[in-house]
$ cat upload-v3.tsv   # TSV, C-alpha atoms
chain	number	residue	atom	x	y	z
A	1	MET	CA	149.35	252.29	-18.95
A	2	ALA	CA	152.10	249.74	-18.71
A	3	THR	CA	151.24	246.33	-17.30
A	4	ILE	CA	153.31	245.43	-14.29
A	5	ALA	CA	154.48	241.82	-14.56
A	6	ARG	CA	154.03	239.76	-11.40
A	7	ARG	CA	157.12	237.94	-10.28
A	8	ALA	CA	156.64	234.15	-10.29
A	9	SER	CA	156.61	232.64	-6.84
A	10	PRO	CA	157.40	229.08	-5.67
A	11	ALA	CA	153.68	228.67	-5.02
A	12	ASP	CA	152.96	229.14	-8.73
A	13	GLY	CA	155.36	226.33	-9.60
A	14	LEU	CA	153.81	224.12	-6.93
A	15	SER	CA	150.29	224.78	-8.27
A	16	TRP	CA	151.39	224.01	-11.83
A	17	TRP	CA	153.12	220.80	-10.67
A	18	SER	CA	150.03	219.71	-8.69
A	19	TRP	CA	147.69	220.37	-11.61
A	20	THR	CA	149.96	218.49	-14.01
A	21	ARG	CA	150.11	215.55	-11.60
A	22	LEU	CA	146.35	215.53	-11.26
A	23	LYS	CA	145.93	215.41	-15.04
A	24	HIS	CA	148.41	212.60	-15.65
A	25	ASN	CA	148.44	210.50	-12.47
A	26	ARG	CA	145.23	208.51	-11.98
A	27	ASN	CA	146.34	207.29	-8.55
A	28	TRP	CA	146.68	210.88	-7.35
A	29	VAL	CA	143.19	211.69	-8.64
A	30	GLY	CA	141.84	208.57	-6.97
A	31	PHE	CA	143.45	209.65	-3.70
A	32	TRP	CA	141.56	212.96	-3.66
A	33	PHE	CA	138.28	211.29	-4.59
A	34	MET	CA	138.73	208.74	-1.79
A	35	LEU	CA	139.75	211.34	0.80
A	36	PRO	CA	136.13	212.27	1.84
A	37	ALA	CA	135.20	208.59	2.21
A	38	ALA	CA	138.38	207.97	4.23
A	39	ALA	CA	137.55	210.90	6.52
A	40	PHE	CA	134.04	209.50	7.00
A	41	LEU	CA	135.43	206.07	7.92
A	42	VAL	CA	137.94	207.54	10.36
A	43	LEU	CA	135.25	209.62	12.04
A	44	PHE	CA	132.52	207.00	12.34
A	45	LEU	CA	134.50	203.71	12.42
A	46	THR	CA	138.12	204.18	13.45
A	47	TYR	CA	137.41	206.60	16.28
A	48	PRO	CA	134.67	204.45	17.92
A	49	LEU	CA	136.90	201.38	17.56
A	50	GLY	CA	139.81	203.16	19.19
A	51	LEU	CA	137.57	204.50	21.95
A	52	GLY	CA	136.20	201.01	22.60
A	53	ILE	CA	139.70	199.58	22.91
A	54	TRP	CA	140.66	202.37	25.30
A	55	LEU	CA	137.56	201.79	27.43
A	56	SER	CA	138.48	198.09	27.73
A	57	PHE	CA	141.55	199.17	29.73
A	58	THR	CA	139.51	201.31	32.15
A	59	ASP	CA	136.87	200.74	34.83
A	60	THR	CA	134.41	203.16	33.22
A	61	LYS	CA	130.78	202.87	34.31
A	62	ILE	CA	127.69	204.48	32.84
A	63	GLY	CA	127.54	207.99	34.31
A	64	ARG	CA	131.05	207.78	35.80
A	65	SER	CA	134.42	208.29	34.18
A	66	GLY	CA	136.89	205.53	34.82
A	67	ILE	CA	140.61	205.28	35.37
A	68	PHE	CA	143.19	203.21	33.56
A	69	ILE	CA	143.40	199.72	35.09
A	70	GLY	CA	145.46	197.92	32.45
A	71	LEU	CA	144.52	194.30	31.77
A	72	GLU	CA	142.31	193.91	34.82
A	73	ASN	CA	139.11	193.58	32.78
A	74	PHE	CA	140.68	190.87	30.63
A	75	GLN	CA	142.01	189.04	33.68
A	76	TRP	CA	138.53	189.08	35.17
A	77	LEU	CA	137.05	187.74	31.94
A	78	TRP	CA	139.67	184.98	31.86
A	79	ASP	CA	138.15	183.55	35.04
A	80	ASP	CA	134.52	184.21	34.02
A	81	PRO	CA	132.73	180.97	32.97
A	82	VAL	CA	129.89	182.92	31.33
A	83	PHE	CA	132.38	184.68	29.05
A	84	TRP	CA	133.93	181.38	27.95
A	85	LEU	CA	130.46	179.96	27.39
A	86	SER	CA	129.72	182.92	25.12
A	87	VAL	CA	132.98	182.25	23.23
A	88	PHE	CA	131.94	178.61	22.74
A	89	ASN	CA	128.47	179.66	21.63
A	90	THR	CA	129.88	182.22	19.21
A	91	PHE	CA	132.19	179.72	17.52
A	92	LEU	CA	129.52	177.02	17.42
A	93	TYR	CA	126.97	179.46	16.03
A	94	THR	CA	129.38	180.87	13.44
A	95	ILE	CA	130.90	177.61	12.21
A	96	VAL	CA	127.68	175.58	11.94
A	97	ALA	CA	125.62	178.42	10.45
A	98	SER	CA	128.35	179.37	7.94
A	99	ILE	CA	128.74	175.77	6.74
A	100	PHE	CA	125.01	175.36	6.18
A	101	LYS	CA	124.68	178.78	4.52
A	102	PHE	CA	127.52	178.00	2.14
A	103	GLY	CA	126.29	174.51	1.25
A	104	LEU	CA	122.64	175.44	0.77
A	105	GLY	CA	123.48	178.78	-0.85
A	106	LEU	CA	125.81	177.15	-3.38
A	107	TYR	CA	123.25	174.47	-4.20
A	108	LEU	CA	120.55	177.12	-4.66
A	109	ALA	CA	122.86	179.25	-6.82
A	110	ILE	CA	123.58	176.29	-9.11
A	111	LEU	CA	119.85	175.60	-9.45
A	112	LEU	CA	119.05	179.23	-10.24
A	113	ASN	CA	121.83	179.32	-12.82
A	114	ARG	CA	120.00	176.75	-14.92
A	115	SER	CA	117.20	177.46	-17.39
A	116	ILE	CA	114.04	177.05	-15.30
A	117	PRO	CA	110.57	178.61	-15.66
A	118	PHE	CA	109.92	181.88	-13.80
A	119	LYS	CA	113.62	182.19	-12.96
A	120	ALA	CA	113.48	185.97	-12.34
A	121	PHE	CA	110.46	185.61	-10.06
A	122	ILE	CA	112.13	182.81	-8.08
A	123	ARG	CA	115.26	184.93	-7.62
A	124	ALA	CA	113.15	187.75	-6.22
A	125	ILE	CA	111.45	185.34	-3.79
A	126	VAL	CA	114.83	183.98	-2.67
A	127	LEU	CA	115.90	187.49	-1.64
A	128	LEU	CA	112.93	188.00	0.70
A	129	PRO	CA	114.53	186.51	3.86
A	130	PHE	CA	117.50	188.84	3.41
A	131	ILE	CA	115.34	191.91	2.73
A	132	VAL	CA	113.00	191.46	5.70
A	133	PRO	CA	114.29	193.38	8.77
A	134	THR	CA	116.14	191.16	11.22
A	135	VAL	CA	113.85	191.94	14.14
A	136	LEU	CA	110.75	190.98	12.14
A	137	SER	CA	112.43	187.71	11.18
A	138	ALA	CA	113.31	187.09	14.83
A	139	ILE	CA	109.73	187.74	15.95
A	140	ALA	CA	108.42	185.39	13.26
A	141	PHE	CA	110.76	182.62	14.39
A	142	TRP	CA	109.90	183.37	18.02
A	143	TRP	CA	106.27	182.58	17.18
A	144	ILE	CA	107.26	179.50	15.17
A	145	TYR	CA	109.20	178.22	18.19
A	146	ASP	CA	106.62	179.25	20.81
A	147	SER	CA	106.16	176.58	23.47
A	148	GLN	CA	102.32	176.76	23.25
A	149	PHE	CA	101.54	177.92	19.71
A	150	SER	CA	104.43	176.50	17.65
A	151	ILE	CA	103.31	175.55	14.16
A	152	ILE	CA	106.13	173.00	14.01
A	153	SER	CA	105.04	171.23	17.20
A	154	TRP	CA	101.39	171.41	16.16
A	155	SER	CA	102.15	169.81	12.77
A	156	LEU	CA	104.30	167.06	14.27
A	157	THR	CA	101.60	166.36	16.86
A	158	LYS	CA	98.89	166.06	14.20
A	159	VAL	CA	100.89	163.51	12.18
A	160	GLY	CA	101.67	161.54	15.31
A	161	LEU	CA	105.44	161.99	15.41
A	162	ILE	CA	105.42	163.61	18.86
A	163	ASP	CA	102.92	163.57	21.72
A	164	GLN	CA	103.87	166.87	23.38
A	165	TYR	CA	105.06	170.25	22.17
A	166	ILE	CA	108.82	170.77	21.77
A	167	ASN	CA	110.41	173.32	24.07
A	168	PHE	CA	112.48	175.01	21.37
A	169	LEU	CA	113.67	178.10	23.23
A	170	GLY	CA	113.48	176.78	26.80
A	171	ASP	CA	116.00	173.96	26.46
A	172	PRO	CA	119.67	175.00	26.02
A	173	ASN	CA	120.50	172.61	23.16
A	174	ASN	CA	117.19	173.21	21.39
A	175	ALA	CA	117.69	176.96	21.72
A	176	ARG	CA	121.15	176.81	20.15
A	177	ALA	CA	119.83	174.79	17.23
A	178	SER	CA	116.81	177.08	16.84
A	179	VAL	CA	118.81	180.31	16.56
A	180	ILE	CA	121.23	178.65	14.13
A	181	VAL	CA	118.32	177.64	11.88
A	182	ALA	CA	116.99	181.21	11.98
A	183	ASN	CA	120.39	182.62	11.05
A	184	VAL	CA	120.80	180.13	8.19
A	185	TRP	CA	117.37	181.07	6.85
A	186	ARG	CA	118.34	184.75	6.80
A	187	GLY	CA	121.83	184.23	5.40
A	188	ILE	CA	121.20	181.81	2.52
A	189	PRO	CA	119.91	184.53	0.09
A	190	PHE	CA	123.06	186.62	0.41
A	191	VAL	CA	125.30	183.62	-0.29
A	192	ALA	CA	123.10	182.25	-3.08
A	193	ILE	CA	122.67	185.49	-5.03
A	194	THR	CA	126.35	186.44	-4.76
A	195	LEU	CA	127.53	183.01	-5.87
A	196	LEU	CA	124.95	183.09	-8.67
A	197	ALA	CA	126.54	186.30	-9.93
A	198	GLY	CA	129.90	184.55	-9.89
A	199	LEU	CA	128.54	181.52	-11.75
A	200	GLN	CA	127.23	183.72	-14.53
A	201	THR	CA	130.73	185.07	-15.21
A	202	ILE	CA	132.02	181.58	-16.10
A	203	SER	CA	132.12	181.07	-19.85
A	204	PRO	CA	129.82	178.28	-21.16
A	205	THR	CA	132.57	177.24	-23.58
A	206	LEU	CA	134.52	175.81	-20.64
A	207	TYR	CA	131.66	173.46	-19.84
A	208	GLU	CA	131.30	172.55	-23.50
A	209	ALA	CA	134.99	171.64	-23.63
A	210	ALA	CA	134.62	169.58	-20.45
A	211	ILE	CA	131.66	167.68	-21.93
A	212	ILE	CA	133.67	166.93	-25.06
A	213	ASP	CA	136.43	165.54	-22.84
A	214	GLY	CA	133.87	163.23	-21.21
A	215	ALA	CA	133.53	164.99	-17.84
A	216	ASN	CA	130.45	164.30	-15.72
A	217	ARG	CA	128.62	166.90	-13.59
A	218	TRP	CA	130.78	166.37	-10.52
A	219	GLN	CA	134.01	166.61	-12.54
A	220	MET	CA	132.82	169.81	-14.21
A	221	PHE	CA	132.04	171.29	-10.81
A	222	ARG	CA	135.33	170.09	-9.30
A	223	HIS	CA	137.64	171.20	-12.12
A	224	VAL	CA	135.76	174.11	-13.73
A	225	THR	CA	133.13	175.69	-11.48
A	226	TYR	CA	134.85	175.50	-8.09
A	227	PRO	CA	138.32	176.79	-9.14
A	228	LEU	CA	136.84	179.76	-11.00
A	229	LEU	CA	134.39	180.49	-8.20
A	230	THR	CA	136.98	180.37	-5.41
A	231	PRO	CA	137.64	184.16	-5.23
A	232	ILE	CA	133.90	184.83	-4.96
A	233	ILE	CA	133.54	182.11	-2.33
A	234	ALA	CA	136.39	183.63	-0.31
A	235	VAL	CA	134.77	187.08	-0.28
A	236	VAL	CA	131.25	185.77	0.37
A	237	MET	CA	132.31	183.50	3.22
A	238	THR	CA	134.41	186.26	4.80
A	239	PHE	CA	131.37	188.54	4.97
A	240	SER	CA	129.17	185.64	6.07
A	241	VAL	CA	131.53	184.74	8.92
A	242	LEU	CA	131.88	188.38	10.00
A	243	PHE	CA	128.11	188.97	9.96
A	244	THR	CA	127.45	185.73	11.85
A	245	PHE	CA	130.23	186.18	14.40
A	246	THR	CA	129.00	189.67	15.29
A	247	ASP	CA	125.29	188.84	15.14
A	248	PHE	CA	123.29	190.64	17.79
A	249	GLN	CA	119.78	191.51	16.66
A	250	LEU	CA	118.55	187.98	15.90
A	251	ILE	CA	119.80	186.50	19.17
A	252	TYR	CA	118.70	189.39	21.36
A	253	ALA	CA	115.22	189.58	19.85
A	254	MET	CA	114.65	185.82	20.13
A	255	THR	CA	116.28	184.68	23.39
A	256	ARG	CA	118.09	187.59	25.10
A	257	GLY	CA	120.96	185.10	25.46
A	258	GLY	CA	118.90	182.53	27.38
A	259	PRO	CA	118.08	180.00	28.57
A	260	LEU	CA	120.87	179.78	31.15
A	261	ASN	CA	123.17	181.82	28.86
A	262	ALA	CA	122.99	178.99	26.30
A	263	THR	CA	122.61	181.37	23.34
A	264	HIS	CA	124.72	184.26	24.60
A	265	LEU	CA	127.19	185.34	21.95
A	266	MET	CA	130.12	187.62	22.64
A	267	ALA	CA	128.19	190.52	21.07
A	268	THR	CA	125.08	190.02	23.21
A	269	LEU	CA	127.12	189.47	26.37
A	270	SER	CA	129.06	192.65	25.68
A	271	PHE	CA	125.77	194.57	25.35
A	272	GLN	CA	124.41	193.03	28.54
A	273	ARG	CA	127.49	193.85	30.61
A	274	ALA	CA	128.07	197.32	29.15
A	275	ILE	CA	124.57	198.78	28.69
A	276	LEU	CA	122.23	196.79	30.93
A	277	GLY	CA	124.86	196.14	33.60
A	278	GLY	CA	126.46	199.59	33.35
A	279	SER	CA	130.06	198.29	33.16
A	280	LEU	CA	131.28	199.96	29.98
A	281	GLY	CA	134.87	198.88	30.55
A	282	GLU	CA	133.97	195.22	30.92
A	283	GLY	CA	131.64	195.27	27.93
A	284	ALA	CA	134.31	196.98	25.84
A	285	ALA	CA	136.81	194.30	26.90
A	286	ILE	CA	134.49	191.58	25.56
A	287	SER	CA	134.13	193.46	22.27
A	288	THR	CA	137.88	193.96	22.05
A	289	ALA	CA	138.40	190.23	22.57
A	290	MET	CA	136.43	189.65	19.35
A	291	ILE	CA	138.93	191.59	17.22
A	292	PRO	CA	141.63	188.86	16.90
A	293	PHE	CA	139.04	186.34	15.71
A	294	LEU	CA	137.65	188.75	13.14
A	295	LEU	CA	141.14	189.60	11.88
A	296	GLY	CA	141.85	185.89	11.57
A	297	ALA	CA	138.78	185.42	9.36
A	298	ILE	CA	139.81	188.36	7.16
A	299	MET	CA	143.39	187.10	6.80
A	300	PHE	CA	142.16	183.61	5.92
A	301	SER	CA	140.09	185.10	3.09
A	302	TRP	CA	142.95	187.33	1.95
A	303	PHE	CA	145.41	184.46	1.59
A	304	GLY	CA	142.72	182.43	-0.13
A	305	LEU	CA	142.37	185.18	-2.71
A	306	GLN	CA	146.12	185.47	-3.19
A	307	ARG	CA	146.37	181.80	-4.17
A	308	ARG	CA	144.03	182.48	-7.09
A	309	LYS	CA	145.82	185.39	-8.75
A	310	TRP	CA	146.19	183.38	-11.94
A	311	GLN	CA	142.47	183.85	-12.58
A	312	GLN	CA	143.07	187.57	-13.07
A	313	GLY	CA	146.04	186.98	-15.36
A	314	GLY	CA	148.69	186.94	-12.62
A	315	ILE	CA	150.87	184.24	-11.13
A	316	ASP	CA	150.04	182.38	-7.96
A	317	ASP	CA	152.15	183.12	-4.91
$ encode --input "upload-v3.tsv" --output "structure tokens"
Amino acid sequence: MATIARRASPADGLSWWSWTRLKHNRNWVGFWFMLPAAAFLVLFLTYPLGLGIWLSFTDTKIGRSGIFIGLENFQWLWDDPVFWLSVFNTFLYTIVASIFKFGLGLYLAILLNRSIPFKAFIRAIVLLPFIVPTVLSAIAFWWIYDSQFSIISWSLTKVGLIDQYINFLGDPNNARASVIVANVWRGIPFVAITLLAGLQTISPTLYEAAIIDGANRWQMFRHVTYPLLTPIIAVVMTFSVLFTFTDFQLIYAMTRGGPLNATHLMATLSFQRAILGGSLGEGAAISTAMIPFLLGAIMFSWFGLQRRKWQQGGIDD
């Protein structure tokens, strides 16, 4: 029986072309491997973000659909002193906590990069604050700062430095300082371990050459360690700033934004207005107002990385 030859169709040529491209173009292969992850991000990140931005332009309430009202929510926030207090608190909280986390984390990373006894065990201990769930950390600090049972106040009273317990979470300034300390305690491990990984990629021969040239410790750090560690610092501090700026769990578990809104961040105020207060549109407007600041932090890190292209064999812009 004679075999009937099938006439080639344009689809056959397209299939052959696609298969050839898949075999020889790594970018095309990478695109198909990344497609499921991209779909996941669009579904669970991009869509909620877009919905939140849309809600900020409506008067939606819990249990009631809203209508489009334009910039009315933002105009109302512009005249809201509590909102501006939360903006001030957010920037104060983020800037001070990020500076301390970077300074202490870098110092700890440099110490752990040296040859010390039980180095692996110490690294594991350093990670504990970051591993412990945020709410448990907040409850622990809430007890440490308790107005009646504070271990800090008790210790200072016993050594005679104070004669009455400190009102850590009841005084506005003390409360701000207290939540910043708690955030620094939780954030130092992430900064320290990441910078430690960066330090271990620096070749020891560079330090040996610097010693031969007569450089001291500060000069070696200034001209060898810091320039080579700059890309890692940029990435670490970007994540640190983003995590701190959007912090919610630690503040809400410790103070609920009090006293007198002294520790309200934009994230906690958004939750209070949207969920507890029922004004989804207003809460979404507060969250949307955070976006420009977060984009600014990301762009700052991006341009910081671009200036160090020479470390990957490129040329600085």
$ residues_around --input "upload-v3.tsv" --residues "region 236-241 of chain A" --least-positions-apart "6" --cutoff "12 Å" --atoms "all atoms listed in the file" --output "MDAnalysis selection string"
chainID A and resid 90:103 105:106 183:184 186:198 229:230 247 293:305
$ residues_near_point --input "upload-v3.tsv" --point "(105.6, 177.2, 14.9)" --cutoff "12 Å" --atoms "only C-alpha atoms" --output "compact mmCIF listing (two decimals) with C-alpha atoms, in the coordinates of the input"
# COMPACT_ATOMS: atom_id res chain seq x y z
CA ILE A 139 109.73 187.74 15.95
CA ALA A 140 108.42 185.39 13.26
CA PHE A 141 110.76 182.62 14.39
CA TRP A 142 109.90 183.37 18.02
CA TRP A 143 106.27 182.58 17.18
CA ILE A 144 107.26 179.50 15.17
CA TYR A 145 109.20 178.22 18.19
CA ASP A 146 106.62 179.25 20.81
CA SER A 147 106.16 176.58 23.47
CA GLN A 148 102.32 176.76 23.25
CA PHE A 149 101.54 177.92 19.71
CA SER A 150 104.43 176.50 17.65
CA ILE A 151 103.31 175.55 14.16
CA ILE A 152 106.13 173.00 14.01
CA SER A 153 105.04 171.23 17.20
CA TRP A 154 101.39 171.41 16.16
CA SER A 155 102.15 169.81 12.77
CA LEU A 156 104.30 167.06 14.27
CA THR A 157 101.60 166.36 16.86
CA TYR A 165 105.06 170.25 22.17
CA ILE A 166 108.82 170.77 21.77
CA ASN A 167 110.41 173.32 24.07
CA PHE A 168 112.48 175.01 21.37
CA LEU A 169 113.67 178.10 23.23
CA SER A 178 116.81 177.08 16.84
$ axis_aligned_box --input "upload-v3.tsv" --around "region 129-142 of chain A" --padding-each-side "6 Å" --output "AutoDock Vina command-line options"
--center_x 113.0 --center_y 188.0 --center_z 10.4 --size_x 21.1 --size_y 22.8 --size_z 27.3
$ atom_distance --input "upload-v3.tsv" --atom1 "CA of Pro133 (chain A)" --atom2 "CA of Asp171 (chain A)"
26.3 Å
$ atom_distance --input "upload-v3.tsv" --atom1 "CA of Phe57 (chain A)" --atom2 "CA of Gly70 (chain A)"
4.9 Å
$ atom_distance --input "upload-v3.tsv" --atom1 "CA of Ala285 (chain A)" --atom2 "CA of Val179 (chain A)"
25.0 Å
$ closest_residue --input "upload-v3.tsv" --among "A:Ile122, A:Leu51, A:Ala37, A:Leu136" --to "Ala253 (chain A)" --atoms "all atoms listed in the file"
A:Leu136
$ closest_residue --input "upload-v3.tsv" --among "A:Ile232, A:Leu161, A:Leu43, A:Leu250" --to "Ala138 (chain A)" --atoms "only C-alpha atoms"
A:Leu250
$ residues_around --input "upload-v3.tsv" --residues "Arg64 (chain A)" --least-positions-apart "5" --cutoff "10 Å" --atoms "all atoms listed in the file" --output "short mmCIF file (atom, residue, chain, number, x, y, z; two decimals) with C-alpha atoms, in the frame of the given file"
data_model
loop_
_atom_site.label_atom_id
_atom_site.label_comp_id
_atom_site.auth_asym_id
_atom_site.auth_seq_id
_atom_site.Cartn_x
_atom_site.Cartn_y
_atom_site.Cartn_z
CA ASP A 59 136.87 200.74 34.83
CA GLY A 278 126.46 199.59 33.35
CA SER A 279 130.06 198.29 33.16
CA LEU A 280 131.28 199.96 29.98
#
$ closest_residue --input "upload-v3.tsv" --among "A:Leu206, A:Ile212, A:Thr246, A:Pro48" --to "Leu228 (chain A)" --atoms "all atoms listed in the file"
A:Leu206
$ closest_residue --input "upload-v3.tsv" --among "A:Gly283, A:Gly30, A:Gly52, A:Pro231" --to "Thr268 (chain A)" --atoms "all atoms listed in the file"
A:Gly283
$ build_atoms --input "upload-v3.tsv" --residues "region 87-103 of chain A" --atoms "N, CA, C and O atoms" --output "mmCIF file, keeping the file's coordinate frame"
data_model
loop_
_atom_site.group_PDB
_atom_site.id
_atom_site.type_symbol
_atom_site.label_atom_id
_atom_site.label_comp_id
_atom_site.auth_asym_id
_atom_site.auth_seq_id
_atom_site.Cartn_x
_atom_site.Cartn_y
_atom_site.Cartn_z
ATOM 1 N N VAL A 87 131.984 182.522 24.283
ATOM 2 C CA VAL A 87 132.980 182.250 23.230
ATOM 3 C C VAL A 87 132.644 180.934 22.536
ATOM 4 O O VAL A 87 132.665 180.847 21.297
ATOM 5 N N PHE A 88 132.329 179.908 23.327
ATOM 6 C CA PHE A 88 131.940 178.610 22.740
ATOM 7 C C PHE A 88 130.693 178.756 21.885
ATOM 8 O O PHE A 88 130.641 178.242 20.754
ATOM 9 N N ASN A 89 129.695 179.462 22.399
ATOM 10 C CA ASN A 89 128.470 179.660 21.630
ATOM 11 C C ASN A 89 128.722 180.419 20.333
ATOM 12 O O ASN A 89 128.134 180.098 19.294
ATOM 13 N N THR A 90 129.587 181.415 20.399
ATOM 14 C CA THR A 90 129.880 182.220 19.210
ATOM 15 C C THR A 90 130.532 181.372 18.131
ATOM 16 O O THR A 90 130.158 181.445 16.952
ATOM 17 N N PHE A 91 131.512 180.566 18.512
ATOM 18 C CA PHE A 91 132.190 179.720 17.520
ATOM 19 C C PHE A 91 131.256 178.644 16.996
ATOM 20 O O PHE A 91 131.254 178.367 15.779
ATOM 21 N N LEU A 92 130.481 178.033 17.874
ATOM 22 C CA LEU A 92 129.520 177.020 17.420
ATOM 23 C C LEU A 92 128.515 177.636 16.459
ATOM 24 O O LEU A 92 128.243 177.083 15.375
ATOM 25 N N TYR A 93 127.961 178.743 16.837
ATOM 26 C CA TYR A 93 126.970 179.460 16.030
ATOM 27 C C TYR A 93 127.550 179.854 14.671
ATOM 28 O O TYR A 93 126.928 179.644 13.624
ATOM 29 N N THR A 94 128.762 180.393 14.670
ATOM 30 C CA THR A 94 129.380 180.870 13.440
ATOM 31 C C THR A 94 129.759 179.728 12.516
ATOM 32 O O THR A 94 129.459 179.765 11.309
ATOM 33 N N ILE A 95 130.409 178.708 13.052
ATOM 34 C CA ILE A 95 130.900 177.610 12.210
ATOM 35 C C ILE A 95 129.750 176.825 11.606
ATOM 36 O O ILE A 95 129.706 176.600 10.387
ATOM 37 N N VAL A 96 128.790 176.409 12.440
ATOM 38 C CA VAL A 96 127.680 175.580 11.940
ATOM 39 C C VAL A 96 126.822 176.383 10.960
ATOM 40 O O VAL A 96 126.482 175.894 9.872
ATOM 41 N N ALA A 97 126.468 177.614 11.326
ATOM 42 C CA ALA A 97 125.620 178.420 10.450
ATOM 43 C C ALA A 97 126.326 178.728 9.131
ATOM 44 O O ALA A 97 125.707 178.673 8.054
ATOM 45 N N SER A 98 127.622 179.033 9.163
ATOM 46 C CA SER A 98 128.350 179.370 7.940
ATOM 47 C C SER A 98 128.448 178.166 7.009
ATOM 48 O O SER A 98 128.336 178.307 5.783
ATOM 49 N N ILE A 99 128.660 176.977 7.570
ATOM 50 C CA ILE A 99 128.740 175.770 6.740
ATOM 51 C C ILE A 99 127.413 175.514 6.038
ATOM 52 O O ILE A 99 127.371 175.246 4.825
ATOM 53 N N PHE A 100 126.316 175.600 6.781
ATOM 54 C CA PHE A 100 125.010 175.360 6.180
ATOM 55 C C PHE A 100 124.654 176.443 5.166
ATOM 56 O O PHE A 100 124.084 176.153 4.104
ATOM 57 N N LYS A 101 124.980 177.694 5.470
ATOM 58 C CA LYS A 101 124.680 178.780 4.520
ATOM 59 C C LYS A 101 125.464 178.610 3.232
ATOM 60 O O LYS A 101 124.930 178.840 2.140
ATOM 61 N N PHE A 102 126.713 178.192 3.354
ATOM 62 C CA PHE A 102 127.520 178.000 2.140
ATOM 63 C C PHE A 102 126.988 176.816 1.324
ATOM 64 O O PHE A 102 126.802 176.935 0.109
ATOM 65 N N GLY A 103 126.748 175.684 1.980
ATOM 66 C CA GLY A 103 126.290 174.510 1.250
ATOM 67 C C GLY A 103 124.943 174.725 0.580
ATOM 68 O O GLY A 103 124.781 174.473 -0.624
#
